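Okay, coords-v2.cif is below, mmCIF, C-alpha atoms:
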```cif
data_run
#
loop_
_atom_site.label_atom_id
_atom_site.label_comp_id
_atom_site.auth_asym_id
_atom_site.auth_seq_id
_atom_site.Cartn_x
_atom_site.Cartn_y
_atom_site.Cartn_z
CA MET A 1347 82.91 -54.98 -5.89
CA ASP A 1348 86.43 -56.40 -5.49
CA HIS A 1349 88.58 -55.59 -8.49
CA GLN A 1350 91.64 -57.37 -7.07
CA THR A 1351 90.04 -60.80 -6.78
CA PRO A 1352 90.62 -62.85 -9.95
CA THR A 1353 87.58 -64.16 -11.80
CA ALA A 1354 86.84 -67.87 -11.92
CA ALA A 1355 86.68 -70.02 -15.04
CA LEU A 1356 83.57 -72.15 -15.60
CA LEU A 1357 84.15 -75.83 -16.40
CA HIS A 1358 81.10 -76.82 -18.43
CA ALA A 1359 78.99 -79.95 -18.02
CA PRO A 1360 79.31 -82.73 -20.65
CA ASP A 1361 75.95 -81.89 -22.24
CA ALA A 1362 77.07 -78.30 -22.73
CA GLN A 1363 80.55 -78.92 -24.15
CA PRO A 1364 82.19 -81.81 -26.06
CA LEU A 1365 85.25 -83.45 -24.54
CA ASP A 1366 87.75 -82.07 -27.07
CA ALA A 1367 86.62 -78.51 -26.30
CA ALA A 1368 86.90 -79.18 -22.55
CA LEU A 1369 90.44 -80.50 -23.05
CA ALA A 1370 91.36 -77.44 -25.10
CA ASP A 1371 89.97 -75.06 -22.48
CA MET A 1372 91.82 -76.81 -19.65
CA THR A 1373 95.05 -76.78 -21.65
CA VAL A 1374 94.74 -73.02 -22.11
CA LEU A 1375 94.10 -72.52 -18.38
CA LEU A 1376 97.18 -74.58 -17.49
CA GLU A 1377 99.32 -72.65 -19.97
CA GLN A 1378 98.09 -69.30 -18.61
CA HIS A 1379 98.19 -70.05 -14.90
CA GLY A 1380 100.37 -73.12 -14.36
CA TYR A 1381 97.85 -74.83 -12.08
CA VAL A 1382 94.06 -75.25 -12.02
CA ILE A 1383 92.02 -75.73 -8.83
CA ALA A 1384 88.53 -76.99 -9.68
CA LEU A 1385 86.16 -76.57 -6.74
CA TYR A 1386 82.83 -78.33 -7.15
CA PRO A 1387 79.90 -79.44 -4.94
CA ALA A 1388 79.28 -83.02 -3.88
CA SER A 1389 75.80 -82.60 -5.37
CA ILE A 1390 77.19 -82.24 -8.90
CA PRO A 1391 75.75 -84.75 -11.43
CA VAL A 1392 77.84 -87.91 -11.75
CA ALA A 1393 78.46 -87.28 -15.46
CA HIS A 1394 79.88 -83.83 -14.73
CA GLU A 1395 82.23 -85.15 -12.05
CA ARG A 1396 83.32 -87.95 -14.36
CA ARG A 1397 84.10 -85.36 -17.04
CA LEU A 1398 86.42 -83.49 -14.66
CA HIS A 1399 88.32 -86.68 -13.84
CA THR A 1400 88.46 -87.63 -17.53
CA VAL A 1401 89.99 -84.27 -18.47
CA ARG A 1402 92.66 -84.60 -15.78
CA SER A 1403 93.37 -88.20 -16.76
CA VAL A 1404 93.61 -87.55 -20.52
CA LEU A 1405 95.93 -84.58 -19.99
CA GLU A 1406 97.95 -86.68 -17.51
CA SER A 1407 98.36 -83.54 -15.46
CA ASN A 1408 99.27 -83.41 -11.78
CA ARG A 1409 98.66 -79.67 -11.95
CA ILE A 1410 94.85 -80.03 -11.83
CA ALA A 1411 93.27 -80.20 -8.37
CA LEU A 1412 89.72 -81.52 -8.11
CA ILE A 1413 88.25 -80.38 -4.80
CA LYS A 1414 84.81 -81.80 -3.94
CA MET A 1415 83.02 -80.10 -1.04
CA ASP A 1416 79.75 -81.06 0.60
CA LEU A 1417 78.39 -77.51 0.87
CA PRO A 1418 75.17 -75.91 -0.38
CA PRO A 1419 75.46 -73.75 -3.53
CA LEU A 1420 75.91 -70.38 -1.80
CA GLY A 1421 78.49 -71.90 0.54
CA ILE A 1422 80.43 -73.20 -2.47
CA ALA A 1423 80.31 -69.70 -4.03
CA VAL A 1424 81.65 -68.13 -0.83
CA LEU A 1425 84.48 -70.67 -0.52
CA LEU A 1426 85.38 -70.22 -4.18
CA ARG A 1427 85.69 -66.47 -3.63
CA GLN A 1428 88.04 -67.06 -0.70
CA LEU A 1429 90.28 -69.35 -2.75
CA ARG A 1430 90.36 -66.71 -5.48
CA GLN A 1431 91.45 -64.17 -2.87
CA LEU A 1432 94.22 -66.47 -1.64
CA SER A 1433 95.42 -67.11 -5.20
CA ILE A 1434 96.92 -63.61 -5.38
CA CYS A 1435 98.86 -64.10 -2.13
CA ASP A 1436 102.31 -65.65 -1.99
CA PHE A 1437 100.97 -69.15 -1.34
CA SER A 1438 101.78 -72.09 -3.58
CA ALA A 1439 98.98 -73.70 -5.58
CA GLY A 1440 99.15 -76.74 -3.30
CA VAL A 1441 98.54 -74.65 -0.20
CA VAL A 1442 95.61 -72.81 -1.82
CA ALA A 1443 94.04 -76.12 -2.91
CA SER A 1444 94.37 -77.77 0.50
CA ALA A 1445 93.14 -74.58 2.20
CA ALA A 1446 89.63 -75.32 0.89
CA ARG A 1447 89.00 -77.94 3.57
CA LEU A 1448 90.37 -75.66 6.30
CA LEU A 1449 88.29 -72.64 5.27
CA SER A 1450 85.09 -74.68 4.84
CA HIS A 1451 84.95 -75.05 8.64
CA TYR A 1452 84.53 -71.27 8.89
CA VAL A 1453 81.63 -71.04 6.42
CA TYR A 1454 78.18 -71.08 8.05
CA ALA A 1455 75.83 -72.01 5.22
CA GLY A 1456 72.09 -72.44 5.53
CA ALA A 1457 68.65 -71.39 4.37
CA LEU A 1458 65.21 -70.30 5.46
CA LEU A 1459 62.67 -72.78 4.03
CA ASN A 1460 58.90 -72.96 3.96
CA SER A 1461 59.04 -76.77 3.82
CA VAL A 1462 61.51 -79.55 4.61
CA THR A 1463 59.49 -82.39 3.06
CA ARG A 1464 61.95 -82.70 0.17
CA LEU A 1465 65.11 -81.75 2.05
CA ASP A 1466 67.41 -84.79 1.88
CA ARG A 1467 70.85 -83.25 2.29
CA VAL A 1468 70.48 -82.27 5.96
CA PRO A 1469 69.24 -84.67 8.68
CA VAL A 1470 65.60 -83.84 9.42
CA SER A 1471 63.49 -85.40 12.16
CA LEU A 1472 60.06 -86.90 11.52
CA LYS A 1473 58.63 -84.26 13.84
CA SER A 1474 59.96 -81.53 11.58
CA HIS A 1475 58.46 -83.27 8.56
CA ALA A 1476 55.08 -83.34 10.28
CA LYS A 1477 55.32 -79.66 11.19
CA SER A 1478 56.16 -78.74 7.62
CA TRP A 1479 52.60 -79.65 6.61
CA VAL A 1480 51.23 -76.89 8.85
CA PRO A 1481 50.50 -73.83 6.68
CA GLY A 1482 52.79 -70.91 7.38
CA THR A 1483 55.51 -72.89 9.17
CA GLN A 1484 59.04 -71.83 8.26
CA PHE A 1485 62.33 -73.48 9.11
CA GLY A 1486 65.86 -72.27 9.62
CA VAL A 1487 68.36 -74.87 8.43
CA LEU A 1488 72.11 -74.89 8.90
CA ALA A 1489 73.97 -77.31 6.61
CA ASN A 1490 77.56 -76.38 7.50
CA PRO A 1491 79.70 -76.59 9.60
CA SER A 1492 77.26 -78.61 11.79
CA PRO A 1493 73.74 -79.56 10.63
CA GLN A 1494 70.89 -77.98 12.57
CA LEU A 1495 67.19 -77.42 11.97
CA ILE A 1496 64.85 -75.13 13.90
CA LYS A 1497 61.26 -74.00 13.56
CA ILE A 1498 61.23 -70.21 13.14
CA GLY A 1499 60.05 -68.66 16.38
CA ALA A 1500 60.98 -71.68 18.46
CA GLY A 1501 64.75 -71.90 18.32
CA ARG A 1502 68.01 -70.30 17.32
CA LEU A 1503 70.63 -71.40 14.82
CA ALA A 1504 74.14 -71.78 16.23
CA GLY A 1505 76.24 -69.10 14.57
CA PRO A 1506 79.92 -68.22 14.25
CA GLU A 1507 81.84 -66.99 17.29
CA PHE A 1508 84.00 -64.72 15.15
CA ALA A 1509 83.40 -61.68 12.96
CA THR A 1510 81.79 -62.51 9.63
CA HIS A 1511 79.89 -60.96 6.76
CA LEU A 1512 76.55 -62.41 5.72
CA VAL A 1513 75.54 -62.89 2.09
CA VAL A 1514 71.87 -63.50 1.33
CA ALA A 1515 70.24 -64.92 -1.82
CA LYS A 1516 66.46 -64.72 -2.03
CA GLY A 1517 64.34 -67.31 -3.78
CA GLN A 1518 60.55 -67.39 -3.98
CA LEU A 1519 60.00 -66.68 -0.29
CA GLN A 1520 59.02 -63.41 1.33
CA SER A 1521 60.54 -62.96 4.78
CA GLU A 1522 62.75 -60.54 6.69
CA TRP A 1523 63.88 -63.17 9.19
CA VAL A 1524 67.40 -63.57 7.79
CA THR A 1525 68.17 -59.83 7.73
CA SER A 1526 66.19 -58.72 10.79
CA THR A 1527 66.71 -61.68 13.15
CA LEU A 1528 69.55 -63.97 12.04
CA ALA A 1529 72.03 -61.24 11.07
CA PRO A 1530 71.83 -59.50 14.50
CA GLN A 1531 71.96 -62.86 16.33
CA TRP A 1532 75.10 -63.79 14.45
CA GLN A 1533 76.49 -60.26 14.88
CA ALA A 1534 77.20 -59.98 11.17
CA GLN A 1535 79.67 -57.16 10.46
CA GLY A 1536 78.34 -56.71 6.93
CA LEU A 1537 75.33 -57.78 4.90
CA ARG A 1538 74.83 -57.99 1.16
CA GLU A 1539 72.41 -59.62 -1.24
CA THR A 1540 73.27 -61.67 -4.30
CA ALA A 1541 71.41 -63.69 -6.92
CA LEU A 1542 70.20 -67.14 -5.90
CA PRO A 1543 72.47 -69.85 -7.38
CA SER A 1544 70.65 -71.80 -10.09
CA ASP A 1545 71.17 -75.11 -8.27
CA SER A 1546 69.83 -73.92 -4.90
CA PRO A 1547 66.16 -75.01 -5.34
CA ARG A 1548 67.30 -78.55 -6.22
CA TRP A 1549 69.77 -78.68 -3.32
CA TRP A 1550 67.27 -77.45 -0.71
CA GLY A 1551 64.27 -79.29 -2.15
CA THR A 1552 62.19 -76.16 -2.72
CA GLY A 1553 62.27 -72.89 -4.62
CA LYS A 1554 60.58 -71.14 -1.71
CA LEU A 1555 63.70 -70.31 0.22
CA ILE A 1556 66.19 -67.65 1.23
CA GLU A 1557 69.75 -68.97 1.25
CA PHE A 1558 72.47 -67.42 3.38
CA ALA A 1559 76.14 -67.88 4.22
CA ALA A 1560 78.34 -66.24 6.85
CA PHE A 1561 82.02 -66.10 5.97
CA LEU A 1562 85.39 -64.45 6.65
CA PRO A 1563 85.57 -61.60 4.12
CA ASP A 1564 88.95 -60.07 4.93
CA ILE A 1565 91.88 -61.35 2.89
CA SER A 1566 94.31 -60.49 5.71
CA VAL A 1567 92.39 -62.75 8.11
CA LEU A 1568 92.32 -65.56 5.54
CA TYR A 1569 96.04 -65.08 4.99
CA GLN A 1570 96.84 -65.33 8.69
CA LEU A 1571 94.60 -68.35 9.12
CA VAL A 1572 96.25 -70.30 6.30
CA SER A 1573 99.75 -69.10 7.27
CA SER A 1574 99.29 -70.39 10.81
CA VAL A 1575 99.03 -74.02 9.62
CA ARG A 1576 102.20 -76.07 9.30
CA ARG A 1577 103.14 -76.86 5.71
CA GLU A 1578 104.21 -80.26 4.48
CA VAL A 1579 105.25 -81.71 1.14
CA CYS A 1580 103.15 -84.51 -0.36
CA THR A 1581 105.22 -87.71 -0.41
CA TRP A 1582 103.30 -88.87 -3.48
CA CYS A 1583 103.35 -85.93 -5.91
CA GLY A 1584 105.76 -83.50 -4.21
CA ILE A 1585 103.31 -80.59 -4.02
CA GLU A 1586 103.15 -78.42 -0.91
CA LEU A 1587 100.09 -78.78 1.31
CA ILE A 1588 98.50 -77.91 4.62
CA GLY A 1589 96.27 -80.24 6.61
CA ASP A 1590 96.21 -84.02 6.27
CA ARG A 1591 95.54 -84.51 2.56
CA CYS A 1592 97.07 -83.25 -0.69
CA GLY A 1593 94.74 -80.99 -2.65
CA PHE A 1594 96.11 -82.18 -5.99
CA CYS A 1595 96.53 -85.95 -5.79
CA SER A 1596 94.32 -86.51 -2.69
CA ALA A 1597 97.01 -88.65 -1.06
CA PRO A 1598 96.88 -88.56 2.76
CA LEU A 1599 99.80 -87.02 4.57
CA ALA A 1600 102.30 -89.73 5.47
CA PRO A 1601 103.10 -90.21 9.17
CA ALA A 1602 106.10 -88.18 10.25
CA GLU A 1603 108.31 -91.25 10.72
CA ASN A 1604 107.72 -92.25 7.09
CA GLN A 1605 108.61 -88.90 5.57
CA THR A 1606 111.96 -88.70 3.83
CA GLN A 1607 112.01 -85.09 2.63
CA ASP A 1608 114.65 -82.72 3.87
CA PRO A 1609 112.89 -80.69 6.60
CA GLY A 1610 114.35 -77.60 4.98
CA VAL A 1611 112.01 -78.09 2.02
CA LEU A 1612 109.05 -77.39 4.28
CA LYS A 1613 110.48 -73.99 5.16
CA HIS A 1614 111.27 -72.97 1.61
CA GLY A 1615 109.15 -70.10 0.39
CA THR A 1616 107.33 -69.63 3.70
CA PRO A 1617 105.84 -66.13 3.56
CA THR A 1618 106.12 -63.64 6.34
CA HIS A 1619 102.88 -62.59 7.99
CA HIS A 1620 101.24 -59.44 6.72
CA GLY A 1621 100.99 -56.72 9.27
CA SER A 1622 97.60 -56.41 10.84
#
```
How does the structure come out when it is put into structure tokens?
Amino acid sequence: MDHQTPTAALLHAPDAQPLDAALADMTVLLEQHGYVIALYPASIPVAHERRLHTVRSVLESNRIALIKMDLPPLGIAVLLRQLRQLSICDFSAGVVASAARLLSHYVYAGALLNSVTRLDRVPVSLKSHAKSWVPGTQFGVLANPSPQLIKIGAGRLAGPEFATHLVVAKGQLQSEWVTSTLAPQWQAQGLRETALPSDSPRWWGTGKLIEFAAFLPDISVLYQLVSSVRREVCTWCGIELIGDRCGFCSAPLAPAENQTQDPGVLKHGTPTHHGS
């Protein structure tokens, strides 16, 4: 669909790849691209997260960013696509890595569920749990940017107040609510379907779901959004960043009075805005 957007590399789980092979793969990625930004969900198994940290530690590389985001699977996929889009712009790797936290606030990720009895990643009231035992009850759940749960037919999910596209992934649930009701309510500018991420049933607590995510699809909008944020240089590892935390070493941005870098460094390489 988008031939310009680079593909992503898959970093395998420990039970699918021995450590020496993982180290070899990461070494090749670093040699080919210079930097690696590994985006992964907070719901990832502990062993898999430990493997990522082990690879970075063994290689002693400050060119590997490990970005953990508390988003549902489709939200992670959307954010990953946006970072891939930004990677071909004239941003440094540090800016792209730290842009993940900024852009996550503009991803509206949720699902339509037939039950919330096993949903433990979004706050759910006891009343909603009781309702979920009633046959035929369906729920609209928003996990990001602000958690919300409604009973279908008795509420409305708070949507984005800016133009977005909506991507929909259908599980084992038959319903037109997302496309016929939610999309118009959120004034989605585009709508497309994709395969349900393999981890979605585990994340949402049921396979009877339809997952959705509204996002900024236009690379020029993403570019302007990231460009509008002041850039700093990490006082710990020296990599450029936006926001309050380095995407590579996770060090918080030092208070202005403690920074010793030449202010000119912050301006170096600043891209001009693309024309709209």
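Atom pair atom CA of Ala1509 of chain A / atom CA of Leu1587 of chain A has a distance of 26.6 Å (rounded to one decimal).
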Problem - Selection: 8 Å around Ser1546 of chain A, all atoms listed in the file, excl. self and same-chain fewer than 4 positions, as a list in words - result: Pro1418, Pro1419, Leu1420, Leu1542, Trp1550, Gly1553 and Glu1557 of chain A
Exercise for the section: Would you mind telling me which residue in A:Arg1467, A:Pro1387, A:Ser1403, A:Gly1501 lies nearest to Thr1527 of chain A when using only C-alpha atoms? Expected result: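 Residue with the minimum atom-to-atom distance to Thr1527 of chain A: A:Gly1501.
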With 9 Å as the cut-off and all atoms listed in the file counted, what is the closest atom pair between each nearby residue of segment 1394-1456 of chain A and segment 1595-1598 of chain A? Distances in Å to one decimal, ordered by chain and number, as a Markdown table.
```
| residue | atom | partner | partner_atom | distance |
| --- | --- | --- | --- | --- |
| A:Asn1408 | CA | A:Cys1595 | CA | 7.1 |
| A:Ile1410 | CA | A:Cys1595 | CA | 8.6 |
| A:Ala1411 | CA | A:Cys1595 | CA | 7.1 |
| A:Leu1412 | CA | A:Cys1595 | CA | 8.4 |
| A:Ile1413 | CA | A:Ser1596 | CA | 8.9 |
```
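Ranking A:Tyr1452, A:Ile1588, A:Thr1510, A:Ala1384 by their shortest atom-to-atom distance to Val1572 of chain A, with only C-alpha atoms included, puts A:Ile1588 first.
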Exercise for the section: Check the smallest atom-to-atom distance from each of A:Phe1561, A:Trp1582, A:Phe1594, A:Tyr1454 to Gln1428 of chain A using only C-alpha atoms, then report the winner. Expected result: A:Phe1561
Handout entry: Å distance separating atom CA of Arg1409 of chain A from atom CA of His1451 of chain A, one decimal place
Key =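 Atom-to-atom, atom CA of Arg1409 of chain A and atom CA of His1451 of chain A are spaced 25.2 Å apart.
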Practice task
Could you tell me how far atom CA of Leu1555 of chain A lies from atom CA of Ser1521 of chain A, in Å and to one decimal?
Solution key: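 Answer for the atom CA of Leu1555 of chain A to atom CA of Ser1521 of chain A separation: 9.2 Å.
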Handout entry: Minimum-distance residue to Val1442 of chain A, chosen among A:Val1374, A:Arg1427, A:Glu1507, A:Pro1360 (using only C-alpha atoms)
Key =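 Answer, going by the shortest atom-to-atom distance: A:Arg1427.
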Problem - Among listed residues A:Ala1455, A:Val1480, A:Leu1528, A:Ile1585, nearest Gln1494 of chain A (using only C-alpha atoms) - result: A:Ala1455
Problem - Minimum-distance residue to Phe1508 of chain A, chosen among A:Leu1568, A:Arg1396, A:Trp1532, A:Leu1599 (using all atoms listed in the file) - result: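 The closest residue to Phe1508 of chain A is A:Trp1532.
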